[in-house]
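Peer 1: Next up is a structure, given as structure tokens.
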Amino acid sequence: MLKPASPDIAALKSLDDRLRFLSAWTIHHANHVRDSADGLKVGGHQASCASMTAIMAALYFHALGPNDRVAVKPHAGPVLHAIHYLLGSQTLDQLQNFRGFGGMQSYPSRTKDRIPVDFSTGSVGLGVAITAFGSLVQDYLTAHGLMAEEDRGRFVALIGDAELDEGNIYECLIEAHKHDIRNCWWIVDYNRQSLDATSQDRMFERFDEIFRSCGWRTVELRHGKKLKGALAEHPALADWLDALPNADHSALLYQGGKAWRARIEADLGKKAAAFLKAHDDDSLAGLMSDLGGHCMDSLVEAFDAARDDVPTLFVAWTVKGFGLPFAGHKDNHAGLMNPTQAHALRDAMGVTPGEEWEPLAGLGGNARSAVEAVLDRTRITRTKRDRSFGQLSVPAIPAPQGEEQSTQAAFGRILLDLAKSGHPLADRIVTTSPDVTVSTNLGGFVNQRGLFKRRDMADVFAAAKIPSAQKWSGTNKGQHIELGIAESNLFLMLAALGMSGDLFGERLVPIGTLYDPFIARGLDSLNYGCYQDARFLLVATPSGLTLGPEGGAHQSINPPLIALGQPGLRHYEPAFADELAAMMELAFRLIDDPAGESTYLRLSTRSLIQTGRTDDMWKDGALKGGYWLKEPGTGAEAAIVAMGALMPEALAAWEELRGDIPGLGLLSVTSPNLLHRDWTAAQAARWSGRRRPSHVEQLLSRIRPGAGLVTLCDAAPASLSWLGGVRGNRVAPLGVDRFGQTGSLPELYAAYRLDGAAITEGIAELLLPQTAS
């Protein structure tokens, strides 16, 4: 890592002031100057920005290098944009359109903002945790020869102290310790205030214990140089301030010097007389707000002293709203300065009215020259990086052979065949799983390719000649990252791996497996990865009531509905191995396609007799979301619509009923997600004058308008029942809408109306009105 230039503390302080003003003025302009079409408060977080400006000035204009990656505290987004505005890499138009349509985003967005944003933030705590996984991906790329050692960077998270209440941070911290992560800085803006209240007292000691136990160095920046010097001369005052409750500290900061004086006199009496005599009220207020997170000397020294690869937690004490009229007030989280207050801040900063947007307004002479010199030598990346696609060669993926097989078993065989093939794609695959590697059929791939460990790890059982199907040794060339049982970590790991092309210029093929019902445990992190357009393959298995004897919460119900509404993620639920092979091949291509996305495969442990194919005509429809497994007759009165592991019941019912119902068809839905997405897109196109039929409309046009549909899925019935709205078909929805129980599949299918009898009853109910008429 490059050594930073010698700091110009005065220039960095000037930049701190400029960031505080520009971030505050950006929010002020959006709320009080810009025309409002709807009259709604635009919002913003002036106080949360103000507590971070010194930290970010020291970091961006001194400590960071071009290969460092930063996740910025969500509410400090305007400070990040102000930094790039000073560097010439953000436009005035974007600042003036904060939270407006097409303008800079409310929170830093990797895909939506025009400036370089390494990690999107906004879902609290996730931007913190992903930096640890990003560091692990960097180690992986370096170990595999895909990244030069000298190109490595540091991963930095800027954290609001309230974010430290988020459990995902501690799940990540434990996992990071297991993998011996390095090159991480987490910098806490310890302003001791959250949205609703002041923080609990003495939490720093708890953070210190937790992080140190996980191998982190902890650095507390509590007092600035001036306050530290004063306290050294007055030990009684130092002890008193150290014991002062957080709420009292914030209130005194808001009330100012007179209140500090009265409280110190009341609590310390003669012990503080000499100290108080040396300061008037204004200087006393300034001294007591000289905290480490606002002291440029302290920040620069701390950052320069931690330039090795030891992960470091900096706890920087700050004042929420520092330098603003509501500094320290417990209600200042979403507080906004009124125009009078904003103008007073402008005047105090020496900014002439009308020059508020001038980057270096208020600076002249030597001060301006010094700031310009610091800006010129700032080493961060100033332009948004081009996204890296077109790196992967994807071979044809053949379906595993076998008359009877489950999609879960087929998945494992496909990966194992790839691992053995020597194809370049296999070298880019990175698998990961939260302690369910074996039970999700990744074991064969791991046996072939090994665990990724920074330090060699022997297979003790193999060395002792103890028989085991898992022959796992760990080296820095392994391709499987084994995680503990924390699904949030899985999705953050997939997100970090899935952004490797964008962050490092080398695209990987991440494949993560977990049990289908446990998607919900990490759903916020999955959404976070998709929001950043990270590319990965998510394999969830086993799924549904079909899991059988496990029962209860292990039987998933709603993941297809989750996928139905999740942007950036396509869901497939194959019934047969050849469908799965085609979907995996496409998923690999989508990872490396600028217009692509991530893929979620919902698989099953149930072995099905494979269907005979005479051609590949089915494949295009299967990849679009559905195809006629049994073609309907022209004007058919009814059709069975089925998905995934319940295809045998659908086929058996079709065989039983086709003689009685002329033209009865069987529609295999492989992706309700894609069918629904395409249908709504076609509707939107028609509204704008571009008429085109959706795939599902073309499929259902084969049967009579108003014909009956029995929909069958091992999931919530709503996963497929919406098909009735496409062309006005009447629907008998079969599925699972309550928690399951243990039992054999025939027993469970009968109890939850997923069997042939239920299909027959559904068809009869749909056709009865026509028969009666």
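Chains: A, B, ... in order of the structure tokens. Residues: from 1 per chain. Ligands: from 1, in order shown.
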Write out as JSON, numbers by chain each polymer residue whose atoms come within 10 Å of A:His177, counting only C-alpha atoms; drop sequence neighbours fewer than 4 positions from it.

Peer 2: {"A": [132, 172, 173, 181, 182, 211, 213, 214, 215, 216, 311]}

Peer 1: DSSP on the backbone, then: every residue of stretch 455-650 of chain A marked helix (DSSP H, G or I), written as an MDAnalysis selection string.

Peer 2: chainID A and resid 460:463 487:498 500:504 516:531 545:550 559:564 577:591 617:624 644:650

Peer 1: With distances taken over only C-alpha atoms, which residue among A:Glu656, A:Asp297, A:Glu637, A:Glu482 lies nearest A:Leu709?

Peer 2: A:Glu637

Peer 1: Between atom CA of A:Glu220 and atom CA of A:Gly269, what distance in Å does the model show, to one decimal?

Peer 2: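 So the answer is 29.3 Å.
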
Peer 1: So that I can see what lies close to stretch 493-499 of chain A, please list as a VMD selection string the residues with an atom at most 6 Å from it, counting only C-alpha atoms and leaving out residues fewer than 6 positions away in the same chain.

Peer 2: chain A and resid 133 to 134 529 534 to 536

Peer 1: For C-alpha atoms, I'd like the residues from the last selection saved as a PDB file, in the first residue's frame.

Peer 2:
ATOM      1  CA  PHE A 133     -16.204 -10.308   2.593  1.00  0.00           C
ATOM      2  CA  GLY A 134     -14.756  -7.978  -0.033  1.00  0.00           C
ATOM      3  CA  GLY A 529     -26.758  -8.076  -3.216  1.00  0.00           C
ATOM      4  CA  ALA A 534     -23.975  -8.554  -7.924  1.00  0.00           C
ATOM      5  CA  ARG A 535     -24.043 -11.677 -10.118  1.00  0.00           C
ATOM      6  CA  PHE A 536     -24.281 -15.161  -8.634  1.00  0.00           C
TER       7      PHE A 536
END

Peer 1: So the first atom is atom CA of A:Leu723 and the second is atom CA of A:Asp615; what is the distance between them in Å, to one decimal place?

Peer 2: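 Interatomic distance here is 27.3 Å.
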
Peer 1: Need the shell around A:Gly756: protein/DNA/RNA residues with any atom at most 10 Å away, counting only C-alpha atoms. Skip same-chain ones fewer than 6 positions apart. Format as a list in words?

Peer 2: Pro648, Glu649, Ala650, Leu651, Ala652, Ala653, Trp654, Glu656, Tyr749, Ala750 and Gly762 of chain A

Peer 1: What's the separation between atom CA of A:Tyr254 and atom CA of A:Lys330, in Å to one decimal place?

Peer 2: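 If I compute the distance from atom CA of A:Tyr254 to atom CA of A:Lys330, I get 9.0 Å.
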
Peer 1: As a PyMOL selection string, please: the residues near A:Leu547 (cut-off 12 Å, only C-alpha atoms, same-chain neighbours under 5 positions excluded).

Peer 2: chain A and resi 408+515-517+541-542+552-557+603-607+645-646+714-715+740-745+748-749

Peer 1: With C-alpha atoms retained, could you export that selection as a tab-separated table (two decimals), in the first residue's frame?

Peer 2:
chain	number	residue	atom	x	y	z
A	408	GLN	CA	-30.56	-31.72	-6.38
A	515	TYR	CA	-31.88	-24.92	2.43
A	516	ASP	CA	-34.79	-23.31	0.62
A	517	PRO	CA	-36.83	-22.32	3.71
A	541	THR	CA	-32.55	-27.21	-1.85
A	542	PRO	CA	-34.43	-29.17	-0.66
A	552	GLY	CA	-42.51	-28.06	10.10
A	553	ALA	CA	-40.45	-24.99	9.35
A	554	HIS	CA	-38.04	-26.98	7.20
A	555	GLN	CA	-40.76	-27.21	4.54
A	556	SER	CA	-40.64	-24.01	2.53
A	557	ILE	CA	-43.79	-22.22	1.42
A	603	LEU	CA	-34.41	-27.77	-6.37
A	604	SER	CA	-35.78	-30.92	-4.82
A	605	THR	CA	-34.52	-34.17	-3.33
A	606	ARG	CA	-37.39	-36.11	-4.92
A	607	SER	CA	-36.26	-38.46	-7.68
A	645	ALA	CA	-41.31	-31.78	-7.97
A	646	LEU	CA	-45.08	-32.25	-8.32
A	714	ASP	CA	-45.25	-27.20	-3.80
A	715	ALA	CA	-45.40	-23.62	-2.56
A	740	GLY	CA	-46.33	-28.69	7.07
A	741	GLN	CA	-45.90	-31.77	9.23
A	742	THR	CA	-43.96	-34.98	9.06
A	743	GLY	CA	-45.16	-37.93	7.01
A	744	SER	CA	-44.70	-39.87	3.80
A	745	LEU	CA	-45.21	-38.04	0.52
A	748	LEU	CA	-48.68	-35.26	2.88
A	749	TYR	CA	-49.87	-34.74	-0.69

Peer 1: Report the residues of stretch 519-628 of chain A whose backbone DSSP state falls under strand (DSSP E or B), written as a PyMOL selection string.

Peer 2: chain A and resi 537-540+552+569-572+598-602+608-609+626-628

Peer 1: Which residue gives the smallest distance to A:Gly512 among A:Ser89, A:Ser488, A:Ser36, A:Ser250, with only C-alpha atoms counted?

Peer 2: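 Of A:Ser89, A:Ser488, A:Ser36, A:Ser250, the one nearest A:Gly512, counting only C-alpha atoms, is A:Ser488.
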
Peer 1: Would you mind listing what lies within 7 Å of A:Ser473 as a list in words, with only C-alpha atoms counted and same-chain residues fewer than 3 positions away left out?

Peer 2: Gly450, Leu451, Met457, Ala458 and Asp459 of chain A
